[in-house]
>>> print(open('structure-v1.pdb').read())   # PDB, C-alpha atoms and all ligand atoms
ATOM      1  CA  MET A  28     -21.016-122.720 -94.410  1.00  0.00           C
ATOM      2  CA  GLU A  29     -18.063-121.836 -92.204  1.00  0.00           C
ATOM      3  CA  THR A  30     -15.652-124.606 -91.174  1.00  0.00           C
ATOM      4  CA  LYS A  31     -17.022-124.591 -87.633  1.00  0.00           C
ATOM      5  CA  GLU A  32     -20.499-125.365 -88.951  1.00  0.00           C
ATOM      6  CA  TYR A  33     -19.245-128.440 -90.806  1.00  0.00           C
ATOM      7  CA  LEU A  34     -17.488-129.647 -87.647  1.00  0.00           C
ATOM      8  CA  LYS A  35     -20.613-128.930 -85.587  1.00  0.00           C
ATOM      9  CA  TYR A  36     -22.716-130.887 -88.087  1.00  0.00           C
ATOM     10  CA  ILE A  37     -20.431-133.911 -87.719  1.00  0.00           C
ATOM     11  CA  VAL A  38     -20.630-133.846 -83.906  1.00  0.00           C
ATOM     12  CA  GLU A  39     -24.276-132.883 -83.394  1.00  0.00           C
ATOM     13  CA  GLU A  40     -26.117-134.220 -86.443  1.00  0.00           C
ATOM     14  CA  ILE A  41     -24.133-137.399 -87.213  1.00  0.00           C
ATOM     15  CA  HIS A  42     -21.868-138.154 -84.250  1.00  0.00           C
ATOM     16  CA  THR A  43     -20.795-141.716 -85.147  1.00  0.00           C
ATOM     17  CA  THR A  44     -18.282-141.680 -87.987  1.00  0.00           C
ATOM     18  CA  ILE A  45     -16.231-144.261 -89.827  1.00  0.00           C
ATOM     19  CA  VAL A  46     -12.545-143.589 -89.262  1.00  0.00           C
ATOM     20  CA  ALA A  47      -9.738-145.071 -91.338  1.00  0.00           C
ATOM     21  CA  THR A  48      -6.200-145.554 -90.093  1.00  0.00           C
ATOM     22  CA  VAL A  49      -3.286-147.480 -91.597  1.00  0.00           C
ATOM     23  CA  ASP A  50      -1.687-150.576 -90.040  1.00  0.00           C
ATOM     24  CA  ASP A  51       1.973-151.625 -89.935  1.00  0.00           C
ATOM     25  CA  GLU A  52       1.643-153.286 -93.332  1.00  0.00           C
ATOM     26  CA  GLY A  53       0.343-150.071 -94.885  1.00  0.00           C
ATOM     27  CA  LEU A  54      -3.186-151.441 -95.173  1.00  0.00           C
ATOM     28  CA  PRO A  55      -6.334-149.499 -94.198  1.00  0.00           C
ATOM     29  CA  VAL A  56      -8.354-150.353 -91.084  1.00  0.00           C
ATOM     30  CA  THR A  57     -11.728-148.780 -90.295  1.00  0.00           C
ATOM     31  CA  ALA A  58     -13.527-148.280 -87.006  1.00  0.00           C
ATOM     32  CA  ALA A  59     -16.765-146.602 -85.885  1.00  0.00           C
ATOM     33  CA  ILE A  60     -15.764-143.650 -83.712  1.00  0.00           C
ATOM     34  CA  ASP A  61     -17.963-141.004 -82.083  1.00  0.00           C
ATOM     35  CA  MET A  62     -16.910-137.397 -82.619  1.00  0.00           C
ATOM     36  CA  MET A  63     -17.660-135.907 -79.199  1.00  0.00           C
ATOM     37  CA  ASP A  64     -16.807-132.231 -79.385  1.00  0.00           C
ATOM     38  CA  TYR A  65     -15.656-129.477 -81.734  1.00  0.00           C
ATOM     39  CA  ASP A  66     -14.395-125.919 -81.749  1.00  0.00           C
ATOM     40  CA  ASN A  67     -13.454-123.450 -84.503  1.00  0.00           C
ATOM     41  CA  ASP A  68     -10.838-125.713 -86.039  1.00  0.00           C
ATOM     42  CA  SER A  69     -10.806-129.080 -84.268  1.00  0.00           C
ATOM     43  CA  LEU A  70     -12.735-132.254 -83.617  1.00  0.00           C
ATOM     44  CA  TYR A  71     -12.327-134.315 -80.437  1.00  0.00           C
ATOM     45  CA  PHE A  72     -12.839-138.003 -79.789  1.00  0.00           C
ATOM     46  CA  LEU A  73     -11.567-140.529 -77.310  1.00  0.00           C
ATOM     47  CA  THR A  74     -10.297-144.063 -77.344  1.00  0.00           C
ATOM     48  CA  ALA A  75      -8.754-146.590 -74.979  1.00  0.00           C
ATOM     49  CA  LYS A  76      -4.993-146.870 -74.976  1.00  0.00           C
ATOM     50  CA  GLY A  77      -5.205-150.660 -75.139  1.00  0.00           C
ATOM     51  CA  LYS A  78      -6.758-150.659 -78.608  1.00  0.00           C
ATOM     52  CA  GLY A  79      -4.986-151.209 -81.904  1.00  0.00           C
ATOM     53  CA  PHE A  80      -6.735-148.034 -83.052  1.00  0.00           C
ATOM     54  CA  TYR A  81      -4.747-146.080 -80.429  1.00  0.00           C
ATOM     55  CA  ASP A  82      -1.484-147.625 -81.650  1.00  0.00           C
ATOM     56  CA  ARG A  83      -2.233-146.736 -85.262  1.00  0.00           C
ATOM     57  CA  LEU A  84      -3.170-143.165 -84.344  1.00  0.00           C
ATOM     58  CA  THR A  85      -0.052-142.557 -82.282  1.00  0.00           C
ATOM     59  CA  LYS A  86       2.202-144.115 -84.916  1.00  0.00           C
ATOM     60  CA  ARG A  87       0.799-142.291 -87.965  1.00  0.00           C
ATOM     61  CA  GLN A  88      -0.770-139.240 -86.276  1.00  0.00           C
ATOM     62  CA  PHE A  89      -3.163-139.040 -89.193  1.00  0.00           C
ATOM     63  CA  LEU A  90      -6.648-140.299 -90.058  1.00  0.00           C
ATOM     64  CA  ALA A  91      -9.429-140.058 -92.584  1.00  0.00           C
ATOM     65  CA  LEU A  92     -13.103-140.196 -91.694  1.00  0.00           C
ATOM     66  CA  THR A  93     -16.498-140.147 -93.326  1.00  0.00           C
ATOM     67  CA  ALA A  94     -19.747-139.284 -91.611  1.00  0.00           C
ATOM     68  CA  MET A  95     -23.123-139.812 -93.296  1.00  0.00           C
ATOM     69  CA  LYS A  96     -26.676-138.790 -92.518  1.00  0.00           C
ATOM     70  CA  GLY A  97     -29.769-139.753 -94.464  1.00  0.00           C
ATOM     71  CA  GLU A  98     -32.396-142.434 -94.874  1.00  0.00           C
ATOM     72  CA  ASP A  99     -31.019-143.671 -98.173  1.00  0.00           C
ATOM     73  CA  THR A 100     -28.416-142.721-100.741  1.00  0.00           C
ATOM     74  CA  MET A 101     -30.466-140.018-102.428  1.00  0.00           C
ATOM     75  CA  SER A 102     -31.331-138.295 -99.162  1.00  0.00           C
ATOM     76  CA  SER A 103     -27.828-138.393 -97.719  1.00  0.00           C
ATOM     77  CA  VAL A 104     -25.275-135.825 -96.720  1.00  0.00           C
ATOM     78  CA  ALA A 105     -21.704-137.085 -96.382  1.00  0.00           C
ATOM     79  CA  VAL A 106     -18.841-135.195 -94.781  1.00  0.00           C
ATOM     80  CA  SER A 107     -15.294-136.502 -95.140  1.00  0.00           C
ATOM     81  CA  ILE A 108     -12.152-135.289 -93.409  1.00  0.00           C
ATOM     82  CA  ARG A 109      -8.452-136.088 -93.682  1.00  0.00           C
ATOM     83  CA  GLY A 110      -6.268-134.646 -90.993  1.00  0.00           C
ATOM     84  CA  LYS A 111      -3.541-134.758 -88.381  1.00  0.00           C
ATOM     85  CA  VAL A 112      -4.282-135.958 -84.860  1.00  0.00           C
ATOM     86  CA  ARG A 113      -2.589-135.521 -81.506  1.00  0.00           C
ATOM     87  CA  ASP A 114      -3.043-137.194 -78.159  1.00  0.00           C
ATOM     88  CA  LEU A 115      -4.236-134.685 -75.535  1.00  0.00           C
ATOM     89  CA  GLY A 116      -4.171-137.135 -72.658  1.00  0.00           C
ATOM     90  CA  HIS A 117      -6.784-137.452 -69.936  1.00  0.00           C
ATOM     91  CA  ASP A 118      -7.578-133.848 -68.960  1.00  0.00           C
ATOM     92  CA  LYS A 119     -10.515-133.360 -71.320  1.00  0.00           C
ATOM     93  CA  ILE A 120     -12.178-136.694 -70.428  1.00  0.00           C
ATOM     94  CA  PRO A 121     -14.598-135.283 -67.782  1.00  0.00           C
ATOM     95  CA  GLU A 122     -15.743-132.576 -70.215  1.00  0.00           C
ATOM     96  CA  LEU A 123     -16.356-135.120 -72.982  1.00  0.00           C
ATOM     97  CA  PHE A 124     -18.253-137.404 -70.592  1.00  0.00           C
ATOM     98  CA  LYS A 125     -20.418-134.462 -69.525  1.00  0.00           C
ATOM     99  CA  LYS A 126     -21.260-133.687 -73.153  1.00  0.00           C
ATOM    100  CA  ASN A 127     -21.704-137.369 -74.029  1.00  0.00           C
ATOM    101  CA  PRO A 128     -23.277-138.891 -70.873  1.00  0.00           C
ATOM    102  CA  TYR A 129     -23.899-142.266 -72.556  1.00  0.00           C
ATOM    103  CA  MET A 130     -20.152-142.860 -72.110  1.00  0.00           C
ATOM    104  CA  HIS A 131     -20.834-143.544 -68.409  1.00  0.00           C
ATOM    105  CA  GLN A 132     -22.599-146.728 -69.487  1.00  0.00           C
ATOM    106  CA  ILE A 133     -19.482-147.934 -71.295  1.00  0.00           C
ATOM    107  CA  TYR A 134     -16.888-146.771 -68.755  1.00  0.00           C
ATOM    108  CA  PRO A 135     -18.947-146.617 -65.530  1.00  0.00           C
ATOM    109  CA  THR A 136     -16.224-145.952 -62.932  1.00  0.00           C
ATOM    110  CA  GLU A 137     -13.366-143.491 -62.485  1.00  0.00           C
ATOM    111  CA  GLU A 138     -11.009-146.464 -62.462  1.00  0.00           C
ATOM    112  CA  SER A 139     -12.271-147.791 -65.794  1.00  0.00           C
ATOM    113  CA  MET A 140     -11.990-144.332 -67.347  1.00  0.00           C
ATOM    114  CA  LYS A 141      -8.237-144.441 -66.795  1.00  0.00           C
ATOM    115  CA  ALA A 142      -7.935-146.475 -69.987  1.00  0.00           C
ATOM    116  CA  LEU A 143      -9.090-143.501 -72.048  1.00  0.00           C
ATOM    117  CA  THR A 144      -7.298-140.663 -73.755  1.00  0.00           C
ATOM    118  CA  VAL A 145      -8.589-137.799 -75.907  1.00  0.00           C
ATOM    119  CA  PHE A 146      -7.457-137.157 -79.450  1.00  0.00           C
ATOM    120  CA  GLN A 147      -7.791-133.878 -81.306  1.00  0.00           C
ATOM    121  CA  ILE A 148      -8.003-133.610 -85.103  1.00  0.00           C
ATOM    122  CA  TYR A 149      -6.282-130.242 -85.302  1.00  0.00           C
ATOM    123  CA  GLU A 150      -5.400-129.704 -88.941  1.00  0.00           C
ATOM    124  CA  GLY A 151      -6.943-131.001 -92.113  1.00  0.00           C
ATOM    125  CA  THR A 152      -9.208-130.701 -95.106  1.00  0.00           C
ATOM    126  CA  GLY A 153     -12.835-131.642 -95.577  1.00  0.00           C
ATOM    127  CA  GLU A 154     -15.439-132.324 -98.232  1.00  0.00           C
ATOM    128  CA  TRP A 155     -19.172-131.786 -97.911  1.00  0.00           C
ATOM    129  CA  PHE A 156     -21.327-133.759-100.336  1.00  0.00           C
ATOM    130  CA  ASP A 157     -25.117-133.424-100.423  1.00  0.00           C
ATOM    131  CA  LEU A 158     -26.861-135.924-102.687  1.00  0.00           C
ATOM    132  CA  SER A 159     -30.330-134.786-101.596  1.00  0.00           C
ATOM    133  CA  LYS A 160     -29.995-131.607-103.672  1.00  0.00           C
ATOM    134  CA  LYS A 161     -30.603-131.461-107.418  1.00  0.00           C
ATOM    135  CA  PRO A 162     -28.053-130.857-108.835  1.00  0.00           C
ATOM    136  CA  ILE A 163     -25.865-132.276-106.100  1.00  0.00           C
ATOM    137  CA  GLU A 164     -24.045-129.826-103.862  1.00  0.00           C
ATOM    138  CA  ARG A 165     -20.464-130.093-102.719  1.00  0.00           C
ATOM    139  CA  ALA A 166     -18.042-127.853-100.866  1.00  0.00           C
ATOM    140  CA  SER A 167     -14.496-128.036 -99.565  1.00  0.00           C
ATOM    141  CA  PHE A 168     -13.218-126.675 -96.279  1.00  0.00           C
ATOM    142  CA  ASN A 169     -10.033-126.652 -94.268  1.00  0.00           C
ATOM    143  CA  PHE A 170      -9.011-126.131 -90.677  1.00  0.00           C
ATOM    144  CA  GLY A 171      -5.780-125.537 -88.776  1.00  0.00           C
ATOM    145  CA  LYS A 172      -2.857-124.392 -90.902  1.00  0.00           C
ATOM    146  CA  VAL A 173      -3.758-126.341 -94.045  1.00  0.00           C
ATOM    147  CA  GLU A 174      -4.379-124.340 -97.211  1.00  0.00           C
ATOM    148  CA  ILE A 175      -7.307-125.477 -99.293  1.00  0.00           C
ATOM    149  CA  LYS A 176      -6.403-126.908-102.702  1.00  0.00           C
ATOM    150  CA  ARG A 177      -8.731-126.087-105.566  1.00  0.00           C
ATOM    151  CA  GLU A 178      -9.414-129.605-106.844  1.00  0.00           C
ATOM    152  CA  GLY A 179     -11.747-130.808-109.563  1.00  0.00           C
ATOM    153  CA  TYR A 180     -12.304-130.452-113.307  1.00  0.00           C
ATOM    154  CA  PHE A 181     -11.762-127.096-115.020  1.00  0.00           C
ATOM    155  CA  VAL A 182     -12.254-125.820-118.577  1.00  0.00           C
ATOM    156  CA  THR A 183      -9.220-123.992-119.955  1.00  0.00           C
ATOM    157  CA  ASP A 184      -8.818-121.381-122.692  1.00  0.00           C
ATOM    158  CA  ASN A 185      -8.473-124.226-125.231  1.00  0.00           C
ATOM    159  CA  CYS A 186     -12.269-124.552-125.193  1.00  0.00           C
ATOM    160  CA  ILE A 187     -13.785-123.993-128.643  1.00  0.00           C
ATOM    161  CA  GLY A 188     -17.392-123.976-127.480  1.00  0.00           C
ATOM    162  CA  CYS A 189     -18.329-127.123-129.412  1.00  0.00           C
ATOM    163  CA  GLY A 190     -20.784-128.256-126.727  1.00  0.00           C
ATOM    164  CA  SER A 191     -19.725-131.935-126.735  1.00  0.00           C
ATOM    165  CA  CYS A 192     -19.320-131.927-122.970  1.00  0.00           C
ATOM    166  CA  LEU A 193     -22.902-130.826-122.305  1.00  0.00           C
ATOM    167  CA  SER A 194     -24.642-134.064-123.243  1.00  0.00           C
ATOM    168  CA  VAL A 195     -22.360-136.254-121.108  1.00  0.00           C
ATOM    169  CA  CYS A 196     -22.510-134.130-117.960  1.00  0.00           C
ATOM    170  CA  PRO A 197     -24.848-135.929-115.515  1.00  0.00           C
ATOM    171  CA  GLN A 198     -25.444-132.804-113.422  1.00  0.00           C
ATOM    172  CA  SER A 199     -25.862-130.213-116.204  1.00  0.00           C
ATOM    173  CA  CYS A 200     -23.349-128.094-114.345  1.00  0.00           C
ATOM    174  CA  ILE A 201     -21.418-126.611-117.288  1.00  0.00           C
ATOM    175  CA  ILE A 202     -22.198-122.941-117.922  1.00  0.00           C
ATOM    176  CA  THR A 203     -22.251-121.905-121.573  1.00  0.00           C
ATOM    177  CA  THR A 204     -22.691-118.154-121.357  1.00  0.00           C
ATOM    178  CA  GLY A 205     -19.176-117.558-122.687  1.00  0.00           C
ATOM    179  CA  ILE A 206     -16.151-119.341-124.087  1.00  0.00           C
ATOM    180  CA  PRO A 207     -14.404-120.998-122.373  1.00  0.00           C
ATOM    181  CA  TYR A 208     -17.313-122.786-120.754  1.00  0.00           C
ATOM    182  CA  VAL A 209     -17.252-122.874-116.955  1.00  0.00           C
ATOM    183  CA  ILE A 210     -17.873-125.817-114.630  1.00  0.00           C
ATOM    184  CA  GLU A 211     -19.929-125.039-111.553  1.00  0.00           C
ATOM    185  CA  GLN A 212     -17.649-126.644-108.986  1.00  0.00           C
ATOM    186  CA  GLU A 213     -20.304-126.756-106.270  1.00  0.00           C
ATOM    187  CA  HIS A 214     -22.467-129.055-108.411  1.00  0.00           C
ATOM    188  CA  CYS A 215     -19.820-131.154-110.194  1.00  0.00           C
ATOM    189  CA  LEU A 216     -19.749-134.907-109.514  1.00  0.00           C
ATOM    190  CA  ARG A 217     -16.129-135.101-110.733  1.00  0.00           C
ATOM    191  CA  CYS A 218     -17.071-138.028-112.962  1.00  0.00           C
ATOM    192  CA  GLY A 219     -14.565-137.044-115.681  1.00  0.00           C
ATOM    193  CA  ASN A 220     -16.990-137.380-118.634  1.00  0.00           C
ATOM    194  CA  CYS A 221     -16.267-133.852-119.856  1.00  0.00           C
ATOM    195  CA  LEU A 222     -12.525-134.451-119.916  1.00  0.00           C
ATOM    196  CA  ASN A 223     -12.889-137.746-121.771  1.00  0.00           C
ATOM    197  CA  THR A 224     -15.265-136.270-124.336  1.00  0.00           C
ATOM    198  CA  CYS A 225     -13.639-132.936-125.100  1.00  0.00           C
ATOM    199  CA  PRO A 226     -12.145-132.960-128.633  1.00  0.00           C
ATOM    200  CA  ALA A 227      -9.936-129.969-127.875  1.00  0.00           C
ATOM    201  CA  GLY A 228      -8.293-131.270-124.714  1.00  0.00           C
ATOM    202  CA  ALA A 229      -9.679-128.214-122.990  1.00  0.00           C
ATOM    203  CA  VAL A 230     -10.731-129.870-119.728  1.00  0.00           C
ATOM    204  CA  VAL A 231      -8.123-130.480-117.063  1.00  0.00           C
ATOM    205  CA  ARG A 232      -8.228-132.234-113.732  1.00  0.00           C
ATOM    206  CA  ARG A 233      -6.407-130.550-110.865  1.00  0.00           C
TER     207      ARG A 233
HETATM  208  S1  LIG B 301     -16.725-133.889-114.212  1.00  0.00           S
HETATM  209 FE1  LIG B 301     -18.724-134.822-114.716  1.00  0.00          FE
HETATM  210  S2  LIG B 301     -20.191-133.682-113.462  1.00  0.00           S
HETATM  211 FE2  LIG B 301     -18.333-132.476-113.501  1.00  0.00          FE
HETATM  212  S3  LIG B 301     -18.612-131.051-115.199  1.00  0.00           S
HETATM  213 FE3  LIG B 301     -17.516-132.825-116.019  1.00  0.00          FE
HETATM  214  S4  LIG B 301     -19.138-134.152-116.818  1.00  0.00           S
HETATM  215 FE4  LIG B 301     -20.135-132.666-115.446  1.00  0.00          FE
HETATM  216  S1  LIG B 302     -16.211-130.326-125.153  1.00  0.00           S
HETATM  217 FE1  LIG B 302     -14.360-129.151-124.664  1.00  0.00          FE
HETATM  218  S2  LIG B 302     -14.142-127.662-126.305  1.00  0.00           S
HETATM  219 FE2  LIG B 302     -16.230-128.473-126.433  1.00  0.00          FE
HETATM  220  S3  LIG B 302     -17.427-126.983-125.212  1.00  0.00           S
HETATM  221 FE3  LIG B 302     -16.848-128.636-123.804  1.00  0.00          FE
HETATM  222  S4  LIG B 302     -14.925-127.932-122.880  1.00  0.00           S
HETATM  223 FE4  LIG B 302     -15.276-126.640-124.669  1.00  0.00          FE
END
>>> encode(input="structure-v1.pdb", output="structure tokens", more="lines below")
Ligand code: SF4
Ligand code: SF4
Amino acid sequence: METKEYLKYIVEEIHTTIVATVDDEGLPVTAAIDMMDYDNDSLYFLTAKGKGFYDRLTKRQFLALTAMKGEDTMSSVAVSIRGKVRDLGHDKIPELFKKNPYMHQIYPTEESMKALTVFQIYEGTGEWFDLSKKPIERASFNFGKVEIKREGYFVTDNCIGCGSCLSVCPQSCIITTGIPYVIEQEHCLRCGNCLNTCPAGAVVRR
């Protein structure tokens, strides 16, 4: 999927996400926050300026979030994002209220809406994780000016083709058609079993 489709999925299919910020003591704090709009490379949400959440956002200008959809663990899709945020002020509030009319029940008058400000997540990286598929499916994406890092477990040229990693891989996602073996990144759980088992030190974590 394109980045915009991941962002659309968060807003339209999940909507309420768990957002983590960091307090003055460097400790994490979570809050349930609705993602109310998206575009090609941004997510938008709002909060009241009187909240501790607002203080933490303006101080750190960074957050992490996870959004999940599914009836139980094995039917769930999870999307996680880490990214930079900026305060856009009040101008986009009417647009967000139009797209999310339930907000009128929480802030029913123009006067009460004055407490609110809109934040934009404008640059970051994301992970898509689908446990409903067998083997599992995962994908990475980025938005804004961030370059995507190729993270995960990889088999290097030190591989001798002994096959020890195959029996410990819970997703059977190691391809053996040549040496070195190849890990299918889109199905890898990143459990680390292959690295711990390999007698040749051929598996690396990046
Ligand atoms: S990290 Fe785990 S899931 Fe991924 S290839 Fe290695 S053993 Fe398999
Ligand atoms: S255990 Fe290591 S050396 Fe053996 S096949 Fe797997 S990656 Fe290659």
>>> resolve_selection(input="structure-v1.pdb", expression="the PyMOL selection byres (((chain A and resi 159) around 7) and not hetatm)", output="JSON list (two decimals) with C-alpha atoms, in the frame of the given file")
[["chain", "number", "residue", "atom", "x", "y", "z"],
["A", 101, "MET", "CA", -30.47, -140.02, -102.43],
["A", 102, "SER", "CA", -31.33, -138.29, -99.16],
["A", 103, "SER", "CA", -27.83, -138.39, -97.72],
["A", 157, "ASP", "CA", -25.12, -133.42, -100.42],
["A", 158, "LEU", "CA", -26.86, -135.92, -102.69],
["A", 160, "LYS", "CA", -30.00, -131.61, -103.67],
["A", 161, "LYS", "CA", -30.60, -131.46, -107.42],
["A", 163, "ILE", "CA", -25.86, -132.28, -106.10]]
>>> atom_distance(input="structure-v1.pdb", atom1="atom CA of A:Lys78", atom2="atom CA of A:Ile45")
16.0 Å
>>> residues_around(input="structure-v1.pdb", residues="A:Phe72", least_positions_apart="3", cutoff="8 Å", atoms="only C-alpha atoms", output="PyMOL selection string")
chain A and resi 60-64+145-147
>>> closest_residue(input="structure-v1.pdb", among="A:Asp66, A:Glu29, A:Asp99, A:Glu213", to="A:Pro162", atoms="only C-alpha atoms")
A:Glu213
>>> residues_near_ligand(input="structure-v1.pdb", ligand="ligand LIG 302 (chain B)", cutoff="12 Å", atoms="only C-alpha atoms and all ligand atoms", output="VMD selection string")
chain A and resid 180 to 196 199 to 210 219 to 231
>>> closest_residue(input="structure-v1.pdb", among="A:Leu70, A:Ala59, A:Ala105, A:Leu84", to="A:Thr30", atoms="all atoms listed in the file")
A:Leu70
>>> atom_distance(input="structure-v1.pdb", atom1="atom CA of A:Gly179", atom2="atom CA of A:Ile108")
16.8 Å
>>> atom_distance(input="structure-v1.pdb", atom1="atom CA of A:Leu92", atom2="atom CA of A:Ser107")
5.5 Å
>>> resolve_selection(input="structure-v1.pdb", expression="the PyMOL selection byres (((chain A and resi 176) around 9) and not hetatm)", output="number ranges by chain")
A: 152, 167, 174-175, 177-178, 233
>>> write_last_selection(input="structure-v1.pdb", atoms="C-alpha atoms", output="mmCIF file, keeping the file's coordinate frame")
data_model
loop_
_atom_site.group_PDB
_atom_site.id
_atom_site.type_symbol
_atom_site.label_atom_id
_atom_site.label_comp_id
_atom_site.auth_asym_id
_atom_site.auth_seq_id
_atom_site.Cartn_x
_atom_site.Cartn_y
_atom_site.Cartn_z
ATOM 1 C CA THR A 152 -9.208 -130.701 -95.106
ATOM 2 C CA SER A 167 -14.496 -128.036 -99.565
ATOM 3 C CA GLU A 174 -4.379 -124.340 -97.211
ATOM 4 C CA ILE A 175 -7.307 -125.477 -99.293
ATOM 5 C CA ARG A 177 -8.731 -126.087 -105.566
ATOM 6 C CA GLU A 178 -9.414 -129.605 -106.844
ATOM 7 C CA ARG A 233 -6.407 -130.550 -110.865
#
>>> resolve_selection(input="structure-v1.pdb", expression="the PyMOL selection byres (((chain A and resi 49) around 10) and not hetatm)", output="ChimeraX atom specification")
/A:47-48,50-57,80,83-84,86-87,89-91
>>> write_last_selection(input="structure-v1.pdb", atoms="C-alpha atoms", output="PDB file, in the coordinates of the input")
ATOM      1  CA  ALA A  47      -9.738-145.071 -91.338  1.00  0.00           C
ATOM      2  CA  THR A  48      -6.200-145.554 -90.093  1.00  0.00           C
ATOM      3  CA  ASP A  50      -1.687-150.576 -90.040  1.00  0.00           C
ATOM      4  CA  ASP A  51       1.973-151.625 -89.935  1.00  0.00           C
ATOM      5  CA  GLU A  52       1.643-153.286 -93.332  1.00  0.00           C
ATOM      6  CA  GLY A  53       0.343-150.071 -94.885  1.00  0.00           C
ATOM      7  CA  LEU A  54      -3.186-151.441 -95.173  1.00  0.00           C
ATOM      8  CA  PRO A  55      -6.334-149.499 -94.198  1.00  0.00           C
ATOM      9  CA  VAL A  56      -8.354-150.353 -91.084  1.00  0.00           C
ATOM     10  CA  THR A  57     -11.728-148.780 -90.295  1.00  0.00           C
ATOM     11  CA  PHE A  80      -6.735-148.034 -83.052  1.00  0.00           C
ATOM     12  CA  ARG A  83      -2.233-146.736 -85.262  1.00  0.00           C
ATOM     13  CA  LEU A  84      -3.170-143.165 -84.344  1.00  0.00           C
ATOM     14  CA  LYS A  86       2.202-144.115 -84.916  1.00  0.00           C
ATOM     15  CA  ARG A  87       0.799-142.291 -87.965  1.00  0.00           C
ATOM     16  CA  PHE A  89      -3.163-139.040 -89.193  1.00  0.00           C
ATOM     17  CA  LEU A  90      -6.648-140.299 -90.058  1.00  0.00           C
ATOM     18  CA  ALA A  91      -9.429-140.058 -92.584  1.00  0.00           C
TER      19      ALA A  91
END
>>> residues_near_point(input="structure-v1.pdb", point="(-12.4, -129.1, -84.9)", cutoff="10 Å", atoms="all atoms listed in the file", output="list in words")
Thr30, Lys31, Glu32, Tyr33, Leu34, Lys35, Ile37, Val38, Met62, Asp64, Tyr65, Asp66, Asn67, Asp68, Ser69, Leu70, Tyr71, Gln147, Ile148, Tyr149, Glu150, Gly151, Asn169, Phe170 and Gly171 of chain A
>>> closest_residue(input="structure-v1.pdb", among="A:Ile120, A:Leu143, A:Leu216, A:Val106", to="ligand LIG 301 (chain B)", atoms="all atoms listed in the file")
A:Leu216
>>> residues_around(input="structure-v1.pdb", residues="A:Ala142", least_positions_apart="5", cutoff="8 Å", atoms="all atoms listed in the file", output="CSV table (one decimal) with C-alpha atoms, in the frame of the given file")
chain,number,residue,atom,x,y,z
A,75,ALA,CA,-8.8,-146.6,-75.0
A,76,LYS,CA,-5.0,-146.9,-75.0
A,77,GLY,CA,-5.2,-150.7,-75.1
>>> closest_residue(input="structure-v1.pdb", among="A:Arg217, A:Lys126, A:Arg113, A:Arg232", to="ligand LIG 301 (chain B)", atoms="all atoms listed in the file")
A:Arg217
>>> residues_around(input="structure-v1.pdb", residues="A:Ile41", least_positions_apart="2", cutoff="8 Å", atoms="all atoms listed in the file", output="list of chain:residue names")
A:Tyr36, A:Ile37, A:Val38, A:Glu39, A:Thr43, A:Thr44, A:Ala94, A:Met95, A:Lys96
>>> write_last_selection(input="structure-v1.pdb", atoms="C-alpha atoms", output="PDB file, in the frame of the given file")
ATOM      1  CA  TYR A  36     -22.716-130.887 -88.087  1.00  0.00           C
ATOM      2  CA  ILE A  37     -20.431-133.911 -87.719  1.00  0.00           C
ATOM      3  CA  VAL A  38     -20.630-133.846 -83.906  1.00  0.00           C
ATOM      4  CA  GLU A  39     -24.276-132.883 -83.394  1.00  0.00           C
ATOM      5  CA  THR A  43     -20.795-141.716 -85.147  1.00  0.00           C
ATOM      6  CA  THR A  44     -18.282-141.680 -87.987  1.00  0.00           C
ATOM      7  CA  ALA A  94     -19.747-139.284 -91.611  1.00  0.00           C
ATOM      8  CA  MET A  95     -23.123-139.812 -93.296  1.00  0.00           C
ATOM      9  CA  LYS A  96     -26.676-138.790 -92.518  1.00  0.00           C
TER      10      LYS A  96
END
>>> axis_aligned_box(input="structure-v1.pdb", around="ligand LIG 301 (chain B)", padding_each_side="4 Å", output="AutoDock Vina command-line options")
--center_x -18.5 --center_y -132.9 --center_z -115.1 --size_x 11.5 --size_y 11.8 --size_z 11.4
>>> closest_residue(input="structure-v1.pdb", among="A:Pro135, A:Pro128, A:Pro197, A:Gly153", to="ligand LIG 301 (chain B)", atoms="all atoms listed in the file")
A:Pro197
